[in-house]
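*Asks:* I'm passing along work.cif; it holds mmCIF, C-alpha atoms.
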data_data
#
loop_
_atom_site.group_PDB
_atom_site.id
_atom_site.type_symbol
_atom_site.label_atom_id
_atom_site.label_comp_id
_atom_site.auth_asym_id
_atom_site.auth_seq_id
_atom_site.Cartn_x
_atom_site.Cartn_y
_atom_site.Cartn_z
ATOM 1 C CA MET X 1 21.986 10.525 -36.482
ATOM 2 C CA LYS X 2 21.624 13.772 -34.551
ATOM 3 C CA ASN X 3 18.296 14.471 -36.214
ATOM 4 C CA ASP X 4 16.993 10.901 -36.152
ATOM 5 C CA PRO X 5 13.707 11.203 -34.246
ATOM 6 C CA THR X 6 13.266 7.467 -33.590
ATOM 7 C CA PHE X 7 14.289 7.482 -29.927
ATOM 8 C CA TRP X 8 12.503 10.774 -29.256
ATOM 9 C CA ILE X 9 9.260 9.331 -30.644
ATOM 10 C CA LEU X 10 9.844 6.109 -28.718
ATOM 11 C CA ALA X 11 10.465 8.050 -25.489
ATOM 12 C CA ARG X 12 7.223 10.017 -25.886
ATOM 13 C CA ALA X 13 5.132 6.992 -26.846
ATOM 14 C CA SER X 14 6.508 4.804 -24.044
ATOM 15 C CA GLY X 15 6.009 7.642 -21.557
ATOM 16 C CA PHE X 16 2.332 7.858 -22.442
ATOM 17 C CA ALA X 17 1.988 4.066 -22.390
ATOM 18 C CA ALA X 18 3.609 3.880 -18.926
ATOM 19 C CA TYR X 19 1.321 6.667 -17.669
ATOM 20 C CA ALA X 20 -1.791 4.948 -19.083
ATOM 21 C CA LEU X 21 -0.777 1.649 -17.476
ATOM 22 C CA LEU X 22 -0.031 3.345 -14.148
ATOM 23 C CA THR X 23 -3.476 4.977 -14.289
ATOM 24 C CA ALA X 24 -5.157 1.666 -15.109
ATOM 25 C CA SER X 25 -3.248 -0.048 -12.304
ATOM 26 C CA VAL X 26 -4.264 2.624 -9.777
ATOM 27 C CA LEU X 27 -7.882 2.272 -10.925
ATOM 28 C CA ALA X 28 -7.691 -1.526 -10.566
ATOM 29 C CA GLY X 29 -6.309 -1.077 -7.053
ATOM 30 C CA LEU X 30 -9.159 1.265 -6.178
ATOM 31 C CA VAL X 31 -11.712 -1.164 -7.646
ATOM 32 C CA LEU X 32 -10.162 -3.885 -5.503
ATOM 33 C CA LYS X 33 -10.534 -1.800 -2.367
ATOM 34 C CA SER X 34 -13.962 -0.270 -2.872
ATOM 35 C CA ARG X 35 -15.710 -3.016 -4.896
ATOM 36 C CA PRO X 36 -17.957 -0.783 -7.045
ATOM 37 C CA PHE X 37 -18.957 -3.805 -9.158
ATOM 38 C CA GLY X 38 -19.912 -5.977 -6.169
ATOM 39 C CA SER X 39 -19.418 -9.708 -6.694
ATOM 40 C CA ARG X 40 -19.371 -9.448 -10.497
ATOM 41 C CA LEU X 41 -15.586 -9.134 -10.413
ATOM 42 C CA ARG X 42 -13.575 -11.780 -8.571
ATOM 43 C CA PRO X 43 -11.205 -9.863 -6.251
ATOM 44 C CA ALA X 44 -8.292 -12.262 -6.779
ATOM 45 C CA THR X 45 -8.594 -11.691 -10.545
ATOM 46 C CA VAL X 46 -8.581 -7.911 -10.033
ATOM 47 C CA THR X 47 -5.421 -8.329 -7.931
ATOM 48 C CA ASP X 48 -3.771 -10.237 -10.779
ATOM 49 C CA VAL X 49 -4.788 -7.534 -13.270
ATOM 50 C CA HIS X 50 -3.542 -4.820 -10.868
ATOM 51 C CA ARG X 51 -0.128 -6.493 -10.578
ATOM 52 C CA PHE X 52 0.117 -7.244 -14.287
ATOM 53 C CA LEU X 53 -0.645 -3.629 -15.230
ATOM 54 C CA SER X 54 1.969 -2.382 -12.763
ATOM 55 C CA LEU X 55 4.640 -4.714 -14.113
ATOM 56 C CA LEU X 56 3.815 -3.846 -17.714
ATOM 57 C CA GLY X 57 3.931 -0.156 -16.752
ATOM 58 C CA LEU X 58 7.420 -0.680 -15.307
ATOM 59 C CA GLY X 59 8.477 -2.254 -18.597
ATOM 60 C CA PHE X 60 7.334 0.785 -20.560
ATOM 61 C CA LEU X 61 8.968 3.009 -17.953
ATOM 62 C CA ALA X 62 12.290 1.270 -18.635
ATOM 63 C CA VAL X 63 11.829 1.808 -22.388
ATOM 64 C CA HIS X 64 10.993 5.480 -21.685
ATOM 65 C CA GLY X 65 14.231 5.975 -19.734
ATOM 66 C CA VAL X 66 16.503 4.098 -22.134
ATOM 67 C CA ALA X 67 15.025 5.883 -25.160
ATOM 68 C CA LEU X 68 15.635 9.269 -23.517
ATOM 69 C CA VAL X 69 19.290 8.378 -22.869
ATOM 70 C CA LEU X 70 19.785 7.126 -26.430
ATOM 71 C CA ASP X 71 18.022 10.100 -28.008
ATOM 72 C CA ARG X 72 20.247 12.975 -29.116
ATOM 73 C CA ALA X 73 17.593 15.716 -29.417
ATOM 74 C CA VAL X 74 17.710 16.205 -25.641
ATOM 75 C CA GLU X 75 20.809 15.328 -23.616
ATOM 76 C CA ILE X 76 19.748 13.035 -20.767
ATOM 77 C CA PRO X 77 22.683 11.259 -19.079
ATOM 78 C CA LEU X 78 22.221 7.801 -17.585
ATOM 79 C CA LEU X 79 22.704 9.246 -14.085
ATOM 80 C CA ALA X 80 19.653 11.461 -14.658
ATOM 81 C CA LEU X 81 17.463 8.355 -14.708
ATOM 82 C CA LEU X 82 18.436 7.666 -11.103
ATOM 83 C CA VAL X 83 19.104 11.070 -9.525
ATOM 84 C CA PRO X 84 16.315 13.683 -9.669
ATOM 85 C CA GLY X 85 17.285 17.073 -11.091
ATOM 86 C CA VAL X 86 20.476 16.013 -12.890
ATOM 87 C CA ALA X 87 19.032 16.404 -16.391
ATOM 88 C CA ASP X 88 19.459 19.813 -18.011
ATOM 89 C CA TYR X 89 16.107 19.460 -19.746
ATOM 90 C CA ARG X 90 13.348 20.867 -17.466
ATOM 91 C CA PRO X 91 15.229 19.570 -14.378
ATOM 92 C CA LEU X 92 12.431 20.054 -11.837
ATOM 93 C CA TRP X 93 9.782 18.335 -13.929
ATOM 94 C CA THR X 94 12.012 15.510 -15.148
ATOM 95 C CA GLY X 95 13.192 15.124 -11.546
ATOM 96 C CA LEU X 96 9.606 14.573 -10.421
ATOM 97 C CA GLY X 97 9.374 11.865 -13.056
ATOM 98 C CA VAL X 98 12.462 10.169 -11.617
ATOM 99 C CA VAL X 99 10.938 10.227 -8.110
ATOM 100 C CA ALA X 100 7.652 8.817 -9.478
ATOM 101 C CA ALA X 101 9.539 6.065 -11.307
ATOM 102 C CA GLU X 102 11.540 5.131 -8.209
ATOM 103 C CA LEU X 103 8.353 5.018 -6.126
ATOM 104 C CA MET X 104 6.772 2.795 -8.766
ATOM 105 C CA VAL X 105 9.724 0.391 -8.646
ATOM 106 C CA LEU X 106 9.507 0.386 -4.833
ATOM 107 C CA LEU X 107 5.753 -0.315 -4.879
ATOM 108 C CA VAL X 108 6.048 -3.154 -7.369
ATOM 109 C CA ALA X 109 9.024 -4.679 -5.538
ATOM 110 C CA SER X 110 7.269 -4.350 -2.175
ATOM 111 C CA PHE X 111 4.638 -6.850 -3.241
ATOM 112 C CA SER X 112 7.220 -9.625 -3.258
ATOM 113 C CA LEU X 113 8.675 -8.350 0.037
ATOM 114 C CA ARG X 114 5.391 -8.419 1.976
ATOM 115 C CA ARG X 115 6.625 -11.178 4.270
ATOM 116 C CA LEU X 116 9.802 -9.251 5.042
ATOM 117 C CA ILE X 117 8.260 -5.860 5.757
ATOM 118 C CA GLY X 118 4.969 -7.152 7.174
ATOM 119 C CA ALA X 119 1.494 -6.864 5.715
ATOM 120 C CA ARG X 120 0.673 -3.757 7.763
ATOM 121 C CA ASN X 121 3.764 -1.846 6.622
ATOM 122 C CA TRP X 122 3.174 -3.021 3.061
ATOM 123 C CA ARG X 123 -0.332 -1.537 3.110
ATOM 124 C CA ARG X 124 1.006 1.710 4.613
ATOM 125 C CA LEU X 125 3.620 1.859 1.868
ATOM 126 C CA HIS X 126 0.886 1.350 -0.712
ATOM 127 C CA TRP X 127 -0.528 4.774 0.148
ATOM 128 C CA ALA X 128 2.466 6.076 -1.831
ATOM 129 C CA SER X 129 0.554 4.963 -4.943
ATOM 130 C CA TYR X 130 -1.400 8.216 -4.787
ATOM 131 C CA ALA X 131 1.821 10.251 -4.633
ATOM 132 C CA THR X 132 3.277 8.217 -7.487
ATOM 133 C CA PHE X 133 0.267 8.909 -9.680
ATOM 134 C CA ALA X 134 0.249 12.618 -8.771
ATOM 135 C CA LEU X 135 3.999 13.006 -9.463
ATOM 136 C CA ALA X 136 3.719 11.103 -12.751
ATOM 137 C CA SER X 137 0.831 13.368 -13.800
ATOM 138 C CA VAL X 138 2.744 16.564 -13.001
ATOM 139 C CA HIS X 139 5.859 15.150 -14.708
ATOM 140 C CA GLY X 140 3.937 14.265 -17.863
ATOM 141 C CA ILE X 141 2.109 17.578 -18.098
ATOM 142 C CA ALA X 142 5.096 19.817 -17.272
ATOM 143 C CA ALA X 143 7.992 17.898 -18.856
ATOM 144 C CA GLY X 144 6.211 16.355 -21.823
ATOM 145 C CA SER X 145 6.646 18.071 -25.163
ATOM 146 C CA ASP X 146 3.132 17.033 -26.262
ATOM 147 C CA SER X 147 1.244 18.570 -23.360
ATOM 148 C CA GLY X 148 0.032 21.501 -25.448
ATOM 149 C CA ARG X 149 -1.770 19.203 -27.857
ATOM 150 C CA PRO X 150 -5.482 18.619 -27.229
ATOM 151 C CA TRP X 151 -5.210 14.807 -27.327
ATOM 152 C CA ALA X 152 -2.414 14.819 -24.746
ATOM 153 C CA LEU X 153 -4.345 17.152 -22.485
ATOM 154 C CA GLY X 154 -7.305 14.788 -22.923
ATOM 155 C CA VAL X 155 -5.181 11.846 -21.751
ATOM 156 C CA TYR X 156 -4.045 13.688 -18.610
ATOM 157 C CA LEU X 157 -7.440 15.151 -17.757
ATOM 158 C CA GLY X 158 -9.150 11.814 -18.405
ATOM 159 C CA ALA X 159 -6.691 9.974 -16.156
ATOM 160 C CA LEU X 160 -6.936 12.573 -13.372
ATOM 161 C CA ALA X 161 -10.744 12.610 -13.541
ATOM 162 C CA ALA X 162 -10.965 8.797 -13.475
ATOM 163 C CA VAL X 163 -8.625 8.438 -10.483
ATOM 164 C CA ALA X 164 -10.326 11.339 -8.649
ATOM 165 C CA ALA X 165 -13.752 9.781 -9.236
ATOM 166 C CA ALA X 166 -12.604 6.318 -8.108
ATOM 167 C CA THR X 167 -10.925 7.822 -5.029
ATOM 168 C CA GLY X 168 -14.111 9.753 -4.236
ATOM 169 C CA TRP X 169 -16.076 6.522 -4.522
ATOM 170 C CA ARG X 170 -13.634 4.801 -2.178
ATOM 171 C CA ILE X 171 -14.012 7.554 0.428
ATOM 172 C CA LEU X 172 -17.774 8.029 0.190
ATOM 173 C CA VAL X 173 -19.146 4.544 -0.535
ATOM 174 C CA PRO X 174 -18.145 1.703 1.815
ATOM 175 C CA PRO X 175 -17.724 -1.757 0.236
ATOM 176 C CA ALA X 176 -20.897 -3.879 -0.034
ATOM 177 C CA ALA X 177 -19.688 -6.356 2.587
ATOM 178 C CA ALA X 178 -19.190 -3.575 5.139
ATOM 179 C CA ARG X 179 -22.615 -2.133 4.298
ATOM 180 C CA ALA X 180 -24.279 -5.524 4.749
ATOM 181 C CA ARG X 181 -22.477 -6.092 8.018
ATOM 182 C CA ARG X 182 -23.552 -2.723 9.364
ATOM 183 C CA ALA X 183 -27.176 -3.504 8.422
ATOM 184 C CA ASP X 184 -27.140 -7.010 9.943
ATOM 185 C CA PRO X 185 -24.420 -7.353 12.589
ATOM 186 C CA ARG X 186 -23.844 -10.946 13.713
ATOM 187 C CA PRO X 187 -22.917 -11.776 17.285
ATOM 188 C CA GLU X 188 -19.224 -12.607 17.691
ATOM 189 C CA GLY X 189 -18.684 -16.350 17.676
ATOM 190 C CA GLY X 190 -22.399 -17.119 17.793
ATOM 191 C CA THR X 191 -22.548 -19.620 14.980
ATOM 192 C CA VAL X 192 -19.171 -21.229 14.995
ATOM 193 C CA ASP X 193 -17.485 -24.232 16.464
ATOM 194 C CA ASP X 194 -14.481 -22.842 18.317
ATOM 195 C CA ARG X 195 -13.435 -25.973 20.112
ATOM 196 C CA VAL X 196 -10.314 -26.178 17.929
ATOM 197 C CA PRO X 197 -8.734 -22.740 17.573
ATOM 198 C CA HIS X 198 -7.249 -22.662 14.097
ATOM 199 C CA ARG X 199 -4.513 -20.197 15.024
ATOM 200 C CA ASP X 200 -2.852 -22.882 17.132
ATOM 201 C CA ARG X 201 -2.732 -25.318 14.239
ATOM 202 C CA PRO X 202 -0.313 -25.409 11.335
ATOM 203 C CA VAL X 203 -1.491 -23.303 8.421
ATOM 204 C CA ALA X 204 -2.449 -25.423 5.442
ATOM 205 C CA VAL X 205 -2.404 -24.209 1.848
ATOM 206 C CA MET A 1 -26.383 -28.037 8.374
ATOM 207 C CA THR A 2 -23.108 -27.815 6.485
ATOM 208 C CA ALA A 3 -19.897 -27.520 8.440
ATOM 209 C CA TYR A 4 -17.371 -25.338 6.644
ATOM 210 C CA ARG A 5 -13.694 -26.059 7.219
ATOM 211 C CA ILE A 6 -11.562 -22.922 6.808
ATOM 212 C CA GLU A 7 -7.957 -22.836 5.655
ATOM 213 C CA ILE A 8 -5.873 -19.711 5.147
ATOM 214 C CA ASP A 9 -2.634 -19.474 3.203
ATOM 215 C CA GLN A 10 -0.960 -16.774 5.286
ATOM 216 C CA SER A 11 1.897 -16.472 2.793
ATOM 217 C CA LEU A 12 -0.634 -15.039 0.349
ATOM 218 C CA CYS A 13 -2.592 -12.848 2.794
ATOM 219 C CA SER A 14 -1.852 -9.139 2.474
ATOM 220 C CA GLY A 15 -4.051 -8.002 5.332
ATOM 221 C CA PHE A 16 -6.830 -6.366 3.330
ATOM 222 C CA GLY A 17 -9.237 -7.367 6.093
ATOM 223 C CA THR A 18 -12.107 -8.127 3.735
ATOM 224 C CA CYS A 19 -12.662 -11.491 5.430
ATOM 225 C CA VAL A 20 -13.006 -9.781 8.821
ATOM 226 C CA GLU A 21 -15.484 -7.276 7.383
ATOM 227 C CA THR A 22 -17.514 -10.104 5.864
ATOM 228 C CA ALA A 23 -17.372 -12.737 8.624
ATOM 229 C CA SER A 24 -15.844 -11.314 11.786
ATOM 230 C CA ALA A 25 -16.966 -14.298 13.840
ATOM 231 C CA ALA A 26 -14.712 -16.569 11.822
ATOM 232 C CA PHE A 27 -11.744 -14.366 10.908
ATOM 233 C CA ALA A 28 -9.402 -11.970 12.680
ATOM 234 C CA LEU A 29 -6.393 -9.897 11.714
ATOM 235 C CA GLU A 30 -3.304 -10.611 13.795
ATOM 236 C CA GLY A 31 -0.260 -8.501 13.055
ATOM 237 C CA GLY A 32 -1.859 -7.437 9.807
ATOM 238 C CA VAL A 33 -2.358 -11.015 8.621
ATOM 239 C CA ALA A 34 -5.644 -12.928 8.610
ATOM 240 C CA SER A 35 -6.160 -15.881 10.862
ATOM 241 C CA ALA A 36 -9.190 -18.070 11.434
ATOM 242 C CA ARG A 37 -10.813 -17.694 14.848
ATOM 243 C CA VAL A 38 -12.224 -21.166 14.361
ATOM 244 C CA ARG A 39 -11.351 -24.209 12.315
ATOM 245 C CA VAL A 40 -14.920 -25.113 11.462
ATOM 246 C CA SER A 41 -17.962 -22.875 11.081
ATOM 247 C CA ASP A 42 -21.568 -23.379 10.068
ATOM 248 C CA ASP A 43 -21.856 -19.738 9.008
ATOM 249 C CA PRO A 44 -22.199 -19.534 5.177
ATOM 250 C CA THR A 45 -20.704 -16.033 5.151
ATOM 251 C CA VAL A 46 -17.288 -17.743 5.354
ATOM 252 C CA LEU A 47 -17.919 -18.745 1.708
ATOM 253 C CA GLU A 48 -18.507 -15.089 0.863
ATOM 254 C CA ALA A 49 -15.323 -14.155 2.724
ATOM 255 C CA ALA A 50 -13.307 -16.724 0.753
ATOM 256 C CA ALA A 51 -14.772 -15.581 -2.561
ATOM 257 C CA GLY A 52 -14.100 -11.948 -1.659
ATOM 258 C CA CYS A 53 -10.457 -12.379 -0.593
ATOM 259 C CA PRO A 54 -8.380 -10.154 -2.900
ATOM 260 C CA MET A 55 -5.457 -12.569 -2.719
ATOM 261 C CA GLY A 56 -7.425 -15.811 -3.006
ATOM 262 C CA ALA A 57 -5.803 -16.793 0.288
ATOM 263 C CA ILE A 58 -8.862 -18.424 1.883
ATOM 264 C CA ALA A 59 -10.172 -21.872 1.026
ATOM 265 C CA VAL A 60 -13.377 -23.323 2.451
ATOM 266 C CA TYR A 61 -14.093 -27.061 2.361
ATOM 267 C CA ASP A 62 -17.169 -29.107 3.137
ATOM 268 C CA GLY A 63 -16.332 -30.541 6.567
ATOM 269 C CA ALA A 64 -18.021 -33.850 5.794
ATOM 270 C CA THR A 65 -16.915 -34.582 2.230
ATOM 271 C CA GLY A 66 -13.710 -32.515 1.964
ATOM 272 C CA GLU A 67 -14.991 -30.934 -1.246
ATOM 273 C CA GLN A 68 -13.646 -27.426 -1.840
ATOM 274 C CA LEU A 69 -16.580 -25.023 -1.828
ATOM 275 C CA ALA A 70 -14.776 -21.686 -2.211
#
In structure tokens, write the structure found in this file.

*Replies:*
Amino acid sequence: MKNDPTFWILARASGFAAYALLTASVLAGLVLKSRPFGSRLRPATVTDVHRFLSLLGLGFLAVHGVALVLDRAVEIPLLALLVPGVADYRPLWTGLGVVAAELMVLLVASFSLRRLIGARNWRRLHWASYATFALASVHGIAAGSDSGRPWALGVYLGALAAVAAATGWRILVPPAAARARRADPRPEGGTVDDRVPHRDRPVAV
Amino acid sequence: MTAYRIEIDQSLCSGFGTCVETASAAFALEGGVASARVRVSDDPTVLEAAAGCPMGAIAVYDGATGEQLA
């Protein structure tokens, strides 16, 4: 069984799948924030896609970790999945992968804990998505045994270029609603009936 | 003129602030969570704000008929 490559192949494939899903999830999050497609995409649907991609990515991440532990080509102890730098195999680069994975778990879990930590803190925490993507990219390129292959390099460069472009769009192009508001600012409270302040009433679903 | 009745499910709101950007006369962020400044508005941009909410946390009803508009 020492030379059985099944788990090694599974570890590599699931690693790439998790990275692709993380990239797609980050892109969906950026689309949600910067609205490059205007009203053609329903934001709530994009949110669902964003969450689904993240969860699916976590699933592949779990397969990636378990396959690495079960594989015998490279000795990765179970503890190395939780503690960065414990693995003998490229400890720095695999350690960065562990940190990225733990951040990803934290980010996904934080969605369900929004009420506990507060919406403002949750959004602050979400900035860690950029670090997660960066760490996962460095981990994949430096620890992955396929990084020298042109197709693998294409995956990493494509993902980095897509996220960089979407981030650039987010920084440089304000969402359509903000643009419209800047062009045609409405007076505060000018067209509304504020005799019954809603904040004092029970919130209805 | 249509009166729009606004309802927000604050358990869904994640404080993106899109509603405030779209219709600041009708929405505000308090402690990072959206609240309605008013219960009823005649400003149709509240429909746009509801449609644009990333969490689908805002519902807008026709004040006269109760029909959900967004």

*Asks:* Return the neighbours of chain X among the residues of chain A, cut-off 7 Å, counting only C-alpha atoms, as a PDB file with C-alpha atoms, in the frame of the given file.

*Replies:*
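Okay, result32.pdb is ready:
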ATOM      1  CA  GLU A   7      -7.957 -22.836   5.655  1.00  0.00           C
ATOM      2  CA  ILE A   8      -5.873 -19.711   5.147  1.00  0.00           C
ATOM      3  CA  ASP A   9      -2.634 -19.474   3.203  1.00  0.00           C
ATOM      4  CA  SER A  14      -1.852  -9.139   2.474  1.00  0.00           C
ATOM      5  CA  GLY A  15      -4.051  -8.002   5.332  1.00  0.00           C
ATOM      6  CA  GLU A  21     -15.484  -7.276   7.383  1.00  0.00           C
ATOM      7  CA  THR A  22     -17.514 -10.104   5.864  1.00  0.00           C
ATOM      8  CA  SER A  24     -15.844 -11.314  11.786  1.00  0.00           C
ATOM      9  CA  ALA A  25     -16.966 -14.298  13.840  1.00  0.00           C
ATOM     10  CA  GLY A  32      -1.859  -7.437   9.807  1.00  0.00           C
ATOM     11  CA  VAL A  33      -2.358 -11.015   8.621  1.00  0.00           C
ATOM     12  CA  SER A  35      -6.160 -15.881  10.862  1.00  0.00           C
ATOM     13  CA  ALA A  36      -9.190 -18.070  11.434  1.00  0.00           C
ATOM     14  CA  ARG A  37     -10.813 -17.694  14.848  1.00  0.00           C
ATOM     15  CA  VAL A  38     -12.224 -21.166  14.361  1.00  0.00           C
ATOM     16  CA  ARG A  39     -11.351 -24.209  12.315  1.00  0.00           C
ATOM     17  CA  VAL A  40     -14.920 -25.113  11.462  1.00  0.00           C
ATOM     18  CA  SER A  41     -17.962 -22.875  11.081  1.00  0.00           C
ATOM     19  CA  ASP A  42     -21.568 -23.379  10.068  1.00  0.00           C
ATOM     20  CA  ASP A  43     -21.856 -19.738   9.008  1.00  0.00           C
ATOM     21  CA  GLY A  52     -14.100 -11.948  -1.659  1.00  0.00           C
ATOM     22  CA  CYS A  53     -10.457 -12.379  -0.593  1.00  0.00           C
ATOM     23  CA  PRO A  54      -8.380 -10.154  -2.900  1.00  0.00           C
ATOM     24  CA  MET A  55      -5.457 -12.569  -2.719  1.00  0.00           C
ATOM     25  CA  GLY A  56      -7.425 -15.811  -3.006  1.00  0.00           C
TER      26      GLY A  56
END

*Asks:* Write out as a VMD selection string each polymer residue whose atoms come within 7 Å of Ala34 of chain A, counting all atoms listed in the file; drop sequence neighbours fewer than 5 positions from it.

*Replies:* chain A and resid 10 13 15 27 to 29

*Asks:* Would you please work out which residue, of X:Asn3, X:Ser34, X:Ser54, X:Ser147, is nearest to Ala101 of chain X when using all atoms listed in the file?

*Replies:* X:Ser54

*Asks:* If you count only C-alpha atoms, which residues fall within 8 Å of segment 59-70 of chain A, apart from same-chain ones fewer than 5 positions away, as an mmCIF file with C-alpha atoms, keeping the file's coordinate frame?

*Replies:*
data_model
loop_
_atom_site.group_PDB
_atom_site.id
_atom_site.type_symbol
_atom_site.label_atom_id
_atom_site.label_comp_id
_atom_site.auth_asym_id
_atom_site.auth_seq_id
_atom_site.Cartn_x
_atom_site.Cartn_y
_atom_site.Cartn_z
ATOM 1 C CA THR A 2 -23.108 -27.815 6.485
ATOM 2 C CA ALA A 3 -19.897 -27.520 8.440
ATOM 3 C CA TYR A 4 -17.371 -25.338 6.644
ATOM 4 C CA ARG A 5 -13.694 -26.059 7.219
ATOM 5 C CA ILE A 6 -11.562 -22.922 6.808
ATOM 6 C CA GLU A 7 -7.957 -22.836 5.655
ATOM 7 C CA ILE A 8 -5.873 -19.711 5.147
ATOM 8 C CA VAL A 40 -14.920 -25.113 11.462
ATOM 9 C CA VAL A 46 -17.288 -17.743 5.354
ATOM 10 C CA LEU A 47 -17.919 -18.745 1.708
ATOM 11 C CA ALA A 50 -13.307 -16.724 0.753
ATOM 12 C CA ALA A 51 -14.772 -15.581 -2.561
#

*Asks:* By how many Å are atom CA of Leu172 of chain X and atom CA of Leu27 of chain X apart?

*Replies:* 16.0 Å

*Asks:* Let me make sure I understand: among X:Val49, X:Leu81, X:Val105, X:Ala11, which one has the smallest atom-to-atom distance to Ala24 of chain X if we use only C-alpha atoms?

*Replies:*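 Comparing X:Val49, X:Leu81, X:Val105, X:Ala11 against Ala24 of chain X, the winner is X:Val49.
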
*Asks:* With only C-alpha atoms as the counted atoms, please give the residues lying no more than 12 Å from segment 148-158 of chain X, apart from itself and same-chain residues fewer than 4 positions off, as a list in words.

*Replies:* Arg12, Ala13, Gly15, Phe16, Ala17, Tyr19, Ala20, Leu21, Leu22, Thr23, Ala24, Phe133, Ala134, Ala136, Ser137, Val138, His139, Gly140, Ile141, Ala142, Ala143, Gly144, Ala162, Val163, Ala164 and Ala165 of chain X

*Asks:* Check which residues satisfy the PyMOL selection byres ((chain X and resi 10) around 12) in the file shown, then give them as an MDAnalysis selection string.

*Replies:* chainID X and resid 4:9 11:18 60:71

*Asks:* If I take atom CA of Phe37 of chain X and atom CA of Gly168 of chain X, how far is one from the other in Å, to one decimal?

*Replies:*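 Between atom CA of Phe37 of chain X and atom CA of Gly168 of chain X the gap works out to 15.2 Å.
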